[in-house]
>>> print(open('my_file-v2.csv').read())   # CSV, C-alpha atoms
chain,number,residue,atom,x,y,z
A,4,MET,CA,-2.8,42.7,7.1
A,5,TYR,CA,-3.0,39.0,7.9
A,6,ASP,CA,-0.6,37.4,10.3
A,7,PHE,CA,-0.6,34.0,8.4
A,8,ALA,CA,-1.6,33.2,4.9
A,9,ILE,CA,-1.8,29.5,4.0
A,10,VAL,CA,-1.6,28.7,0.2
A,11,GLY,CA,-3.3,25.5,-0.6
A,12,GLY,CA,-6.6,24.1,0.8
A,13,GLY,CA,-5.7,20.4,0.9
A,14,ILE,CA,-5.4,18.5,4.1
A,15,VAL,CA,-1.9,19.8,5.0
A,16,GLY,CA,-2.9,23.5,4.4
A,17,LEU,CA,-6.1,23.2,6.4
A,18,SER,CA,-4.5,21.3,9.2
A,19,THR,CA,-1.8,24.0,9.4
A,20,ALA,CA,-4.4,26.7,9.6
A,21,TYR,CA,-6.3,24.7,12.3
A,22,ALA,CA,-3.0,24.3,14.3
A,23,LEU,CA,-2.3,28.0,14.0
A,24,THR,CA,-5.8,28.9,15.4
A,25,LYS,CA,-4.8,26.9,18.5
A,26,TYR,CA,-1.2,28.2,18.9
A,27,HIS,CA,-2.1,31.8,18.0
A,28,PRO,CA,-5.8,32.2,18.9
A,29,ASP,CA,-5.7,36.0,18.2
A,30,ALA,CA,-4.0,35.8,14.8
A,31,LYS,CA,-5.6,36.8,11.6
A,32,ILE,CA,-5.4,33.8,9.3
A,33,VAL,CA,-6.4,33.4,5.6
A,34,VAL,CA,-6.4,30.1,3.6
A,35,LEU,CA,-6.2,30.5,-0.2
A,36,GLU,CA,-7.3,27.6,-2.5
A,37,LYS,CA,-7.4,28.0,-6.3
A,38,GLU,CA,-10.2,25.4,-6.7
A,39,SER,CA,-13.9,25.7,-5.9
A,40,GLN,CA,-13.8,23.2,-3.1
A,41,TRP,CA,-11.4,22.0,-0.4
A,42,ALA,CA,-9.4,18.8,-0.8
A,43,PHE,CA,-9.9,18.8,-4.6
A,44,HIS,CA,-6.6,17.2,-5.6
A,45,GLN,CA,-4.4,14.7,-3.7
A,46,THR,CA,-6.5,14.7,-0.5
A,47,GLY,CA,-9.8,14.2,-2.3
A,48,ASN,CA,-8.5,11.3,-4.4
A,49,ASN,CA,-6.5,9.2,-2.0
A,50,SER,CA,-7.4,5.8,-0.5
A,51,GLY,CA,-8.7,7.0,2.8
A,52,VAL,CA,-6.3,4.9,4.8
A,53,ILE,CA,-5.2,5.9,8.4
A,54,HIS,CA,-1.6,4.5,8.1
A,55,SER,CA,0.2,3.0,11.1
A,56,GLY,CA,3.7,4.1,10.2
A,57,ILE,CA,5.2,0.7,9.6
A,58,TYR,CA,6.8,1.5,6.3
A,59,TYR,CA,8.9,4.5,7.1
A,60,LYS,CA,12.6,4.9,8.1
A,61,PRO,CA,12.9,4.9,11.9
A,62,GLY,CA,13.6,8.3,13.2
A,63,SER,CA,12.3,10.1,10.0
A,64,LEU,CA,9.6,12.7,10.1
A,65,LYS,CA,7.3,10.3,8.2
A,66,ALA,CA,7.8,7.6,10.8
A,67,THR,CA,7.4,9.8,13.9
A,68,LEU,CA,4.5,12.0,12.6
A,69,CYS,CA,2.6,9.1,11.0
A,70,ARG,CA,2.7,7.0,14.2
A,71,GLU,CA,1.6,10.0,16.3
A,72,GLY,CA,-0.9,11.0,13.6
A,73,CYS,CA,-2.5,7.6,13.5
A,74,ARG,CA,-3.5,8.1,17.1
A,75,SER,CA,-4.4,11.8,16.9
A,76,MET,CA,-6.5,11.3,13.7
A,77,VAL,CA,-8.6,8.6,15.4
A,78,GLU,CA,-9.0,10.9,18.4
A,79,PHE,CA,-10.0,13.8,16.2
A,80,CYS,CA,-12.6,11.7,14.3
A,81,GLU,CA,-14.0,10.5,17.6
A,82,GLU,CA,-14.3,14.0,19.0
A,83,GLN,CA,-15.8,15.5,15.8
A,84,GLY,CA,-18.2,12.7,15.0
A,85,ILE,CA,-16.5,11.7,11.7
A,86,ASP,CA,-17.0,8.1,10.6
A,87,TYR,CA,-13.9,6.0,10.8
A,88,ASP,CA,-13.0,2.3,11.4
A,89,VAL,CA,-9.7,1.0,12.9
A,90,CYS,CA,-10.1,-2.2,10.9
A,91,GLY,CA,-6.5,-3.3,10.7
A,92,LYS,CA,-4.7,-4.7,7.7
A,93,VAL,CA,-2.5,-7.6,6.5
A,94,ILE,CA,0.7,-7.2,4.5
A,95,VAL,CA,1.2,-10.5,2.7
A,96,ALA,CA,4.2,-12.3,1.2
A,97,THR,CA,3.0,-14.5,-1.8
A,98,GLU,CA,6.4,-15.7,-3.1
A,99,PRO,CA,9.4,-17.2,-1.2
A,100,GLU,CA,11.8,-14.3,-2.3
A,101,GLU,CA,9.4,-11.9,-0.5
A,102,LEU,CA,9.9,-13.5,2.9
A,103,PRO,CA,13.1,-11.8,3.8
A,104,LEU,CA,11.6,-8.4,2.8
A,105,LEU,CA,8.6,-9.2,5.0
A,106,GLU,CA,10.9,-9.9,7.9
A,107,ASN,CA,12.7,-6.6,7.4
A,108,LEU,CA,9.4,-4.8,7.3
A,109,TYR,CA,8.3,-6.6,10.5
A,110,GLN,CA,11.5,-5.5,12.2
A,111,ARG,CA,11.0,-1.9,11.0
A,112,GLY,CA,7.5,-2.0,12.5
A,113,LEU,CA,9.0,-3.0,15.8
A,114,GLU,CA,11.6,-0.2,15.6
A,115,ASN,CA,8.8,2.3,14.9
A,116,GLN,CA,6.9,1.1,17.9
A,117,ILE,CA,4.0,-0.1,15.8
A,118,PRO,CA,1.8,-3.0,17.2
A,119,VAL,CA,2.6,-5.6,14.6
A,120,GLU,CA,2.4,-9.4,14.6
A,121,LYS,CA,3.8,-12.1,12.2
A,122,ILE,CA,1.1,-14.6,11.3
A,123,GLY,CA,0.9,-17.7,9.0
A,124,PRO,CA,-1.4,-18.5,6.1
A,125,GLU,CA,-4.0,-20.1,8.3
A,126,ALA,CA,-4.3,-17.1,10.6
A,127,VAL,CA,-4.5,-14.9,7.5
A,128,ARG,CA,-7.4,-16.9,6.2
A,129,GLU,CA,-9.3,-16.2,9.4
A,130,ILE,CA,-8.9,-12.5,8.8
A,131,GLU,CA,-9.1,-12.5,4.9
A,132,PRO,CA,-10.6,-15.9,3.8
A,133,HIS,CA,-9.8,-15.4,0.1
A,134,VAL,CA,-6.1,-14.4,0.4
A,135,ARG,CA,-3.3,-16.7,-0.8
A,136,CYS,CA,0.0,-16.1,1.0
A,137,LEU,CA,3.0,-17.8,2.6
A,138,GLU,CA,3.2,-15.4,5.6
A,139,ALA,CA,2.0,-12.0,6.7
A,140,ILE,CA,2.2,-9.1,9.0
A,141,LYS,CA,-0.9,-8.1,10.9
A,142,VAL,CA,-1.2,-4.4,11.7
A,143,ASN,CA,-4.0,-3.7,14.0
A,144,SER,CA,-3.7,0.1,14.2
A,145,THR,CA,-4.5,0.8,10.5
A,146,GLY,CA,-7.9,2.3,9.8
A,147,ILE,CA,-10.0,4.0,7.2
A,148,VAL,CA,-11.8,7.4,6.9
A,149,SER,CA,-12.9,10.0,4.4
A,150,TYR,CA,-10.2,12.6,4.4
A,151,GLY,CA,-12.6,14.9,2.4
A,152,GLN,CA,-14.8,14.9,5.5
A,153,VAL,CA,-11.7,15.5,7.7
A,154,CYS,CA,-10.7,18.5,5.6
A,155,GLN,CA,-14.2,20.0,5.7
A,156,LYS,CA,-14.1,19.7,9.5
A,157,TYR,CA,-10.7,21.4,9.6
A,158,ALA,CA,-12.1,24.2,7.4
A,159,ASP,CA,-15.2,24.6,9.6
A,160,LEU,CA,-13.1,24.8,12.8
A,161,VAL,CA,-10.8,27.4,11.2
A,162,GLY,CA,-13.9,29.4,10.1
A,163,GLU,CA,-15.4,29.2,13.6
A,164,LYS,CA,-12.2,30.7,15.0
A,165,GLY,CA,-12.5,33.7,12.6
A,166,GLY,CA,-10.2,32.4,9.9
A,167,ASP,CA,-10.8,33.8,6.4
A,168,LEU,CA,-11.4,30.9,3.9
A,169,ARG,CA,-11.1,31.8,0.3
A,170,LEU,CA,-11.9,29.4,-2.5
A,171,ASN,CA,-11.3,30.1,-6.2
A,172,THR,CA,-8.2,32.2,-5.3
A,173,LYS,CA,-4.9,31.5,-7.0
A,174,VAL,CA,-1.6,33.1,-6.0
A,175,ASP,CA,0.1,34.5,-9.1
A,176,LYS,CA,2.9,36.6,-7.6
A,177,ILE,CA,4.7,37.1,-4.2
A,178,ILE,CA,6.4,40.3,-3.3
A,179,GLU,CA,8.5,40.8,-0.2
A,180,THR,CA,8.1,44.1,1.6
A,181,SER,CA,9.7,45.6,4.7
A,182,ASP,CA,6.9,44.2,7.0
A,183,GLY,CA,5.8,41.0,5.3
A,184,LEU,CA,4.6,39.7,1.9
A,185,VAL,CA,2.2,40.9,-0.7
A,186,LEU,CA,0.3,38.0,-2.4
A,187,GLU,CA,-1.1,39.0,-5.7
A,188,THR,CA,-4.0,36.7,-6.7
A,189,ASN,CA,-6.6,36.4,-9.4
A,190,ARG,CA,-9.0,38.1,-6.9
A,191,GLY,CA,-6.9,41.0,-5.8
A,192,GLU,CA,-3.9,41.3,-3.5
A,193,LEU,CA,-3.5,40.8,0.2
A,194,LYS,CA,-0.7,41.4,2.8
A,195,THR,CA,0.5,38.9,5.4
A,196,GLN,CA,3.3,38.8,7.9
A,197,PHE,CA,4.0,35.1,7.1
A,198,MET,CA,3.1,32.6,4.5
A,199,VAL,CA,2.9,28.8,4.6
A,200,ASN,CA,3.0,27.1,1.2
A,201,CYS,CA,1.0,23.9,1.2
A,202,ALA,CA,0.3,23.9,-2.6
A,203,GLY,CA,0.9,20.2,-3.1
A,204,LEU,CA,1.4,19.5,-6.8
A,205,TYR,CA,2.5,23.2,-7.3
A,206,SER,CA,4.4,23.6,-4.1
A,207,ASP,CA,7.7,24.0,-5.9
A,208,ARG,CA,6.2,26.6,-8.2
A,209,VAL,CA,4.9,28.6,-5.3
A,210,ALA,CA,8.3,28.4,-3.6
A,211,GLU,CA,9.9,29.8,-6.7
A,212,LEU,CA,7.4,32.7,-6.6
A,213,GLY,CA,8.6,33.3,-3.0
A,214,LYS,CA,12.3,33.6,-4.2
A,215,VAL,CA,13.2,30.1,-2.9
A,216,ASN,CA,14.9,27.5,-5.1
A,217,PRO,CA,13.7,24.2,-3.6
A,218,PRO,CA,16.2,21.3,-3.7
A,219,ALA,CA,13.8,19.1,-5.6
A,220,LYS,CA,11.1,19.4,-8.3
A,221,ILE,CA,7.6,18.0,-8.1
A,222,ILE,CA,7.1,15.2,-10.5
A,223,PRO,CA,3.4,14.0,-10.9
A,224,PHE,CA,2.6,10.3,-10.8
A,225,ARG,CA,-0.9,9.2,-11.6
A,226,GLY,CA,-2.3,6.3,-9.6
A,227,GLU,CA,-5.2,4.4,-11.4
A,228,TYR,CA,-7.7,2.3,-9.5
A,229,TYR,CA,-10.3,-0.4,-10.2
A,230,GLU,CA,-13.2,-1.1,-7.9
A,231,LEU,CA,-14.8,-4.5,-7.1
A,232,VAL,CA,-18.3,-4.8,-8.3
A,233,PRO,CA,-20.8,-4.8,-5.4
A,234,GLU,CA,-21.5,-8.6,-5.6
A,235,LYS,CA,-17.8,-9.3,-5.3
A,236,ARG,CA,-17.0,-7.1,-2.3
A,237,TYR,CA,-17.2,-10.1,0.0
A,238,LEU,CA,-13.7,-11.1,-1.3
A,239,VAL,CA,-12.1,-8.4,0.8
A,240,LYS,CA,-13.0,-7.8,4.5
A,241,ASN,CA,-10.7,-4.8,5.1
A,242,LEU,CA,-7.2,-4.0,3.8
A,243,ILE,CA,-4.8,-6.3,2.0
A,244,TYR,CA,-1.3,-5.1,0.9
A,245,PRO,CA,1.6,-6.8,-0.8
A,246,VAL,CA,5.2,-6.6,0.4
A,247,PRO,CA,6.5,-3.4,-1.1
A,248,ASN,CA,9.7,-3.0,-3.0
A,249,PRO,CA,11.9,-1.3,-0.4
A,250,ASP,CA,13.6,0.8,-3.2
A,251,PHE,CA,10.4,2.0,-4.9
A,252,PRO,CA,8.4,4.8,-3.4
A,253,PHE,CA,5.0,3.2,-4.0
A,254,LEU,CA,3.3,0.4,-2.0
A,255,GLY,CA,2.2,-1.8,-4.9
A,256,VAL,CA,-1.3,-2.7,-6.0
A,257,HIS,CA,-3.5,-3.5,-3.0
A,258,PHE,CA,-7.1,-3.9,-1.9
A,259,THR,CA,-8.7,-1.2,0.3
A,260,ARG,CA,-12.2,-1.2,1.8
A,261,MET,CA,-13.4,2.4,1.8
A,262,ILE,CA,-15.4,4.0,4.6
A,263,ASP,CA,-18.5,3.9,2.3
A,264,GLY,CA,-18.2,0.1,1.9
A,265,SER,CA,-16.8,0.0,-1.6
A,266,VAL,CA,-13.6,-1.9,-2.3
A,267,HIS,CA,-10.9,-0.3,-4.4
A,268,ALA,CA,-8.0,-2.1,-6.0
A,269,GLY,CA,-4.8,-0.3,-7.0
A,270,PRO,CA,-3.1,2.0,-7.6
A,271,ASN,CA,-0.4,1.6,-10.2
A,272,ALA,CA,2.0,4.5,-10.6
A,273,VAL,CA,2.7,6.1,-14.0
A,274,LEU,CA,4.1,9.4,-15.0
A,275,SER,CA,1.4,12.0,-15.5
A,276,LEU,CA,1.6,14.2,-18.5
A,277,LYS,CA,0.5,17.3,-16.5
A,278,ARG,CA,0.6,18.1,-12.8
A,279,GLU,CA,-3.1,17.6,-12.4
A,280,GLY,CA,-3.6,15.0,-15.1
A,281,TYR,CA,-6.1,12.5,-13.9
A,282,LYS,CA,-6.7,10.9,-17.3
A,283,LYS,CA,-4.3,9.4,-19.8
A,284,THR,CA,-5.4,12.0,-22.3
A,285,ASP,CA,-4.7,14.9,-19.9
A,286,VAL,CA,-1.6,16.7,-21.4
A,287,ASP,CA,-0.1,20.1,-20.7
A,288,PHE,CA,2.8,20.5,-23.1
A,289,ALA,CA,4.6,23.2,-21.2
A,290,GLU,CA,4.4,21.1,-18.0
A,291,LEU,CA,5.4,18.0,-19.9
A,292,MET,CA,8.5,19.7,-21.4
A,293,GLU,CA,9.4,20.9,-17.9
A,294,ILE,CA,9.1,17.3,-16.6
A,295,LEU,CA,10.9,15.7,-19.6
A,296,THR,CA,13.8,18.1,-19.5
A,297,TYR,CA,14.5,17.6,-15.8
A,298,PRO,CA,17.7,15.5,-15.5
A,299,GLY,CA,16.5,13.8,-12.3
A,300,LEU,CA,13.6,12.1,-14.2
A,301,TRP,CA,16.0,10.3,-16.6
A,302,LYS,CA,18.3,9.2,-13.8
A,303,LEU,CA,15.2,7.8,-12.0
A,304,ALA,CA,14.0,6.1,-15.1
A,305,ALA,CA,17.4,4.5,-15.7
A,306,LYS,CA,17.3,3.0,-12.2
A,307,TYR,CA,13.7,1.8,-12.2
A,308,TRP,CA,13.0,1.3,-15.9
A,309,SER,CA,11.8,-2.3,-15.5
A,310,ASP,CA,9.4,-1.3,-12.7
A,311,GLY,CA,8.2,1.6,-14.8
A,312,VAL,CA,7.5,-0.7,-17.8
A,313,GLU,CA,5.4,-2.9,-15.5
A,314,GLU,CA,3.4,0.1,-14.3
A,315,ILE,CA,2.8,1.3,-17.8
A,316,VAL,CA,1.6,-2.1,-18.9
A,317,ARG,CA,-0.8,-2.2,-16.0
A,318,SER,CA,-2.1,1.2,-17.0
A,319,PHE,CA,-3.1,0.0,-20.5
A,320,SER,CA,-3.9,-3.6,-19.8
A,321,LYS,CA,-6.7,-4.6,-17.5
A,322,ALA,CA,-5.6,-8.2,-17.8
A,323,ALA,CA,-2.2,-7.3,-16.4
A,324,PHE,CA,-3.7,-5.2,-13.6
A,325,VAL,CA,-6.0,-8.2,-12.7
A,326,ARG,CA,-3.0,-10.6,-12.7
A,327,SER,CA,-1.3,-8.4,-10.1
A,328,LEU,CA,-4.5,-8.5,-8.0
A,329,GLN,CA,-4.6,-12.3,-8.4
A,330,ARG,CA,-1.3,-12.6,-6.6
A,331,LEU,CA,-3.2,-11.6,-3.5
A,332,ILE,CA,-6.7,-13.0,-4.2
A,333,PRO,CA,-6.6,-15.7,-7.0
A,334,GLU,CA,-10.4,-15.7,-7.3
A,335,VAL,CA,-10.5,-12.2,-8.7
A,336,GLN,CA,-11.5,-12.2,-12.4
A,337,PRO,CA,-11.5,-9.3,-15.0
A,338,GLU,CA,-15.3,-9.1,-14.9
A,339,ASP,CA,-15.1,-8.5,-11.1
A,340,VAL,CA,-13.5,-5.1,-11.3
A,341,ILE,CA,-14.4,-1.8,-13.0
A,342,PRO,CA,-12.4,1.4,-13.5
A,343,THR,CA,-12.9,4.1,-10.9
A,344,HIS,CA,-11.2,7.4,-10.1
A,345,ALA,CA,-7.5,8.1,-10.4
A,346,GLY,CA,-5.3,10.2,-8.1
A,347,VAL,CA,-2.1,12.2,-8.8
A,348,ARG,CA,0.8,12.1,-6.3
A,349,ALA,CA,3.2,15.0,-6.0
A,350,GLN,CA,6.6,13.3,-5.6
A,351,ALA,CA,9.6,15.5,-5.0
A,352,LEU,CA,12.6,14.4,-7.1
A,353,MET,CA,16.2,15.6,-6.8
A,354,LYS,CA,18.4,16.5,-9.8
A,355,ASP,CA,20.5,13.4,-9.1
A,356,GLY,CA,17.5,11.1,-9.5
A,357,GLY,CA,17.0,10.6,-5.8
A,358,LEU,CA,13.5,10.5,-4.5
A,359,VAL,CA,12.8,12.7,-1.5
A,360,ASP,CA,11.8,10.0,1.0
A,361,ASP,CA,10.7,12.2,3.9
A,362,PHE,CA,8.5,15.2,4.4
A,363,LEU,CA,10.5,18.3,3.1
A,364,ILE,CA,9.9,21.7,4.6
A,365,VAL,CA,12.0,24.6,3.2
A,366,GLU,CA,12.3,27.9,4.9
A,367,GLY,CA,12.3,31.2,3.0
A,368,PRO,CA,11.9,34.9,3.5
A,369,ARG,CA,8.9,35.2,5.9
A,370,ALA,CA,7.7,31.8,4.7
A,371,MET,CA,7.8,28.1,5.0
A,372,HIS,CA,7.3,25.8,2.0
A,373,VAL,CA,6.0,22.3,2.3
A,374,CYS,CA,7.8,20.9,-0.8
A,375,ASN,CA,7.2,17.2,-0.2
A,376,ALA,CA,4.2,15.8,1.6
A,377,PRO,CA,2.9,12.6,-0.1
A,378,SER,CA,1.4,9.7,1.8
A,379,PRO,CA,1.2,9.4,4.8
A,380,ALA,CA,0.6,13.2,5.0
A,381,ALA,CA,-3.2,12.8,5.4
A,382,THR,CA,-2.7,10.4,8.4
A,383,ALA,CA,-0.1,12.7,9.9
A,384,SER,CA,-1.9,16.0,9.0
A,385,LEU,CA,-2.6,17.1,12.6
A,386,GLU,CA,1.0,16.4,13.6
A,387,ILE,CA,2.4,18.2,10.5
A,388,GLY,CA,0.2,21.2,11.2
A,389,LYS,CA,1.5,21.3,14.8
A,390,ALA,CA,5.1,20.9,13.7
A,391,ILE,CA,4.8,23.8,11.3
A,392,ALA,CA,3.0,26.0,13.8
A,393,GLN,CA,5.8,25.3,16.3
A,394,LYS,CA,8.6,26.2,13.8
A,395,ILE,CA,7.2,29.5,12.8
A,396,PRO,CA,9.3,32.4,14.3
A,397,GLU,CA,7.8,35.0,16.6
A,398,LEU,CA,6.1,37.8,14.6
A,399,PRO,CA,5.8,41.5,15.5
A,400,ASN,CA,2.5,42.5,17.1
A,401,LEU,CA,1.6,38.9,17.7
A,402,GLN,CA,1.5,37.4,21.2
A,403,ALA,CA,3.8,34.4,22.0
A,404,PRO,CA,2.2,31.1,21.1
A,405,VAL,CA,0.1,29.3,23.7
A,406,GLU,CA,0.6,25.7,24.5
A,407,ALA,CA,-1.9,23.8,22.3
>>> encode(input="my_file-v2.csv", output="structure tokens")
Amino acid sequence: MYDFAIVGGGIVGLSTAYALTKYHPDAKIVVLEKESQWAFHQTGNNSGVIHSGIYYKPGSLKATLCREGCRSMVEFCEEQGIDYDVCGKVIVATEPEELPLLENLYQRGLENQIPVEKIGPEAVREIEPHVRCLEAIKVNSTGIVSYGQVCQKYADLVGEKGGDLRLNTKVDKIIETSDGLVLETNRGELKTQFMVNCAGLYSDRVAELGKVNPPAKIIPFRGEYYELVPEKRYLVKNLIYPVPNPDFPFLGVHFTRMIDGSVHAGPNAVLSLKREGYKKTDVDFAELMEILTYPGLWKLAAKYWSDGVEEIVRSFSKAAFVRSLQRLIPEVQPEDVIPTHAGVRAQALMKDGGLVDDFLIVEGPRAMHVCNAPSPAATASLEIGKAIAQKIPELPNLQAPVEA
């Protein structure tokens, strides 16, 4: 019997397993991932940004864990020899009506104890010569990294501590017993004293297998990206973001220099027609019906219909996408960008149409279910793993946790 079984081999699942090896060094740990490689879905398709924590509600888990995670992620990369760059970013206001929103975001950054600075257009041009704006926030602590590399290092460290790492293993059924749980998988069954569900896009489904009715359903949103052609990468030095809509859960189309030197532009945010639908043509009719019959979706659509229409237009019109980029860098032309990969975000949505704005961890029988961990979960992964490890109750036949 295992002491801990982690379902999901993305960055949250692997960071949780890594934290458990430190808090419970004698524990038997297994990580189960249904794909053939780690970080296959959300983690492997994100923008690679080490977020500062400026955007999140002061006092929330997102704000606290992201701020601490920004520091600990940089330290981890330094210790483990993973390439990273604390390059900083600018958040720019391009229209007069955005200036009050920029000021509110600046104040939020101060409340969250983030090193932020208000700067004018001349100072912005010294950092990003091709940006057009009225005013900006400079955030020095933001960085970039490959979270795929981070995940692989987590997996390596768990394996070195004796953890059992199983790819191509999908959990189909969970049975509660007198001394733990039986997890039935496509590759046989295993027993564990405790389970941590980090299944991302299927976290609510796994929670339901564990006899837990989560308060929200995962709704998949696809984010589509373009990439600057190599000869136009000079237009972007580091990271350039617009002022986000404070009521919308996405940060808007922005420019991101990746750790490999490429520059991505995006993403938009459109409803995906299946949970792992990376292309417009990816459809799972059973999942689509589940999404379309969920009352929270229609309440969300009624509230944000105009924003939703804009996102759909950007999805089908390269010209519209480029126009949104030109708000930040007017020089960008349609021939300067080419389509690149898309990602799918697992967004937890309440029945009343409310978006779950914070990390959501639901406790169940001998289990904890991470039911909402979108951005900045990658940045905060070390801290999320620690928080989960610290919340797990004492288990029979397992020594008390050590101070990690």
>>> residues_near_point(input="my_file-v2.csv", point="(3.8, 37.0, -1.0)", cutoff="9 Å", atoms="all atoms listed in the file", output="JSON, numbers by chain")
{"A": [8, 174, 176, 177, 178, 179, 180, 183, 184, 185, 186, 187, 193, 194, 195, 197, 198, 212, 213, 369, 370]}
>>> write_last_selection(input="my_file-v2.csv", atoms="C-alpha atoms", output="short mmCIF file (atom, residue, chain, number, x, y, z; two decimals), in the coordinates of the input")
data_model
loop_
_atom_site.label_atom_id
_atom_site.label_comp_id
_atom_site.auth_asym_id
_atom_site.auth_seq_id
_atom_site.Cartn_x
_atom_site.Cartn_y
_atom_site.Cartn_z
CA ALA A 8 -1.60 33.20 4.90
CA VAL A 174 -1.60 33.10 -6.00
CA LYS A 176 2.90 36.60 -7.60
CA ILE A 177 4.70 37.10 -4.20
CA ILE A 178 6.40 40.30 -3.30
CA GLU A 179 8.50 40.80 -0.20
CA THR A 180 8.10 44.10 1.60
CA GLY A 183 5.80 41.00 5.30
CA LEU A 184 4.60 39.70 1.90
CA VAL A 185 2.20 40.90 -0.70
CA LEU A 186 0.30 38.00 -2.40
CA GLU A 187 -1.10 39.00 -5.70
CA LEU A 193 -3.50 40.80 0.20
CA LYS A 194 -0.70 41.40 2.80
CA THR A 195 0.50 38.90 5.40
CA PHE A 197 4.00 35.10 7.10
CA MET A 198 3.10 32.60 4.50
CA LEU A 212 7.40 32.70 -6.60
CA GLY A 213 8.60 33.30 -3.00
CA ARG A 369 8.90 35.20 5.90
CA ALA A 370 7.70 31.80 4.70
#
>>> closest_residue(input="my_file-v2.csv", among="A:Gly91, A:Pro379, A:Pro399, A:Gly112", to="Cys69 (chain A)", atoms="only C-alpha atoms")
A:Pro379
>>> atom_distance(input="my_file-v2.csv", atom1="CA of His44 (chain A)", atom2="CA of Glu227 (chain A)")
14.1 Å
>>> atom_distance(input="my_file-v2.csv", atom1="CA of Lys121 (chain A)", atom2="CA of Tyr109 (chain A)")
7.3 Å
>>> atom_distance(input="my_file-v2.csv", atom1="CA of Pro61 (chain A)", atom2="CA of Asn248 (chain A)")
17.2 Å
>>> residues_around(input="my_file-v2.csv", residues="region 332-336 of chain A", least_positions_apart="2", cutoff="8 Å", atoms="all atoms listed in the file", output="list in words")
His133, Val134, Arg135, Leu238, Val325, Leu328, Gln329, Arg330, Glu338, Asp339 and Val340 of chain A
>>> closest_residue(input="my_file-v2.csv", among="A:Val93, A:Leu398, A:Leu170, A:Ala392", to="Lys240 (chain A)", atoms="only C-alpha atoms")
A:Val93
>>> closest_atom_pairs(input="my_file-v2.csv", of="region 36-135 of chain A", to="region 165-169 of chain A", cutoff="10 Å", atoms="only C-alpha atoms", output="Markdown table")
| residue | atom | partner | partner_atom | distance |
| --- | --- | --- | --- | --- |
| A:Glu36 | CA | A:Arg169 | CA | 6.3 |
| A:Lys37 | CA | A:Arg169 | CA | 8.5 |
| A:Glu38 | CA | A:Arg169 | CA | 9.5 |
| A:Ser39 | CA | A:Arg169 | CA | 9.1 |
| A:Gln40 | CA | A:Arg169 | CA | 9.6 |
| A:Trp41 | CA | A:Arg169 | CA | 9.8 |
>>> closest_residue(input="my_file-v2.csv", among="A:Asp263, A:Glu163, A:Asp285, A:Glu230", to="Asp88 (chain A)", atoms="all atoms listed in the file")
A:Asp263
>>> closest_residue(input="my_file-v2.csv", among="A:Val359, A:Leu23, A:Ile117, A:Ala30", to="Tyr5 (chain A)", atoms="all atoms listed in the file")
A:Ala30
>>> residues_near_point(input="my_file-v2.csv", point="(17.5, 14.4, -11.2)", cutoff="7 Å", atoms="all atoms listed in the file", output="list in words")
Tyr297, Pro298, Gly299, Leu300, Trp301, Lys302, Leu352, Met353, Lys354, Asp355, Gly356 and Gly357 of chain A
>>> write_last_selection(input="my_file-v2.csv", atoms="C-alpha atoms", output="PDB file, keeping the file's coordinate frame")
ATOM      1  CA  TYR A 297      14.500  17.600 -15.800  1.00  0.00           C
ATOM      2  CA  PRO A 298      17.700  15.500 -15.500  1.00  0.00           C
ATOM      3  CA  GLY A 299      16.500  13.800 -12.300  1.00  0.00           C
ATOM      4  CA  LEU A 300      13.600  12.100 -14.200  1.00  0.00           C
ATOM      5  CA  TRP A 301      16.000  10.300 -16.600  1.00  0.00           C
ATOM      6  CA  LYS A 302      18.300   9.200 -13.800  1.00  0.00           C
ATOM      7  CA  LEU A 352      12.600  14.400  -7.100  1.00  0.00           C
ATOM      8  CA  MET A 353      16.200  15.600  -6.800  1.00  0.00           C
ATOM      9  CA  LYS A 354      18.400  16.500  -9.800  1.00  0.00           C
ATOM     10  CA  ASP A 355      20.500  13.400  -9.100  1.00  0.00           C
ATOM     11  CA  GLY A 356      17.500  11.100  -9.500  1.00  0.00           C
ATOM     12  CA  GLY A 357      17.000  10.600  -5.800  1.00  0.00           C
TER      13      GLY A 357
END
>>> closest_residue(input="my_file-v2.csv", among="A:Arg348, A:Pro270, A:Leu231, A:Asp287", to="Gly47 (chain A)", atoms="only C-alpha atoms")
A:Arg348
>>> closest_residue(input="my_file-v2.csv", among="A:Leu358, A:Arg236, A:Tyr281, A:Gly346", to="Lys220 (chain A)", atoms="all atoms listed in the file")
A:Leu358
>>> residues_around(input="my_file-v2.csv", residues="Ser206 (chain A)", least_positions_apart="5", cutoff="10 Å", atoms="only C-alpha atoms", output="PyMOL selection string")
chain A and resi 10-11+200-201+211-212+217+220-221+349+351+372-376
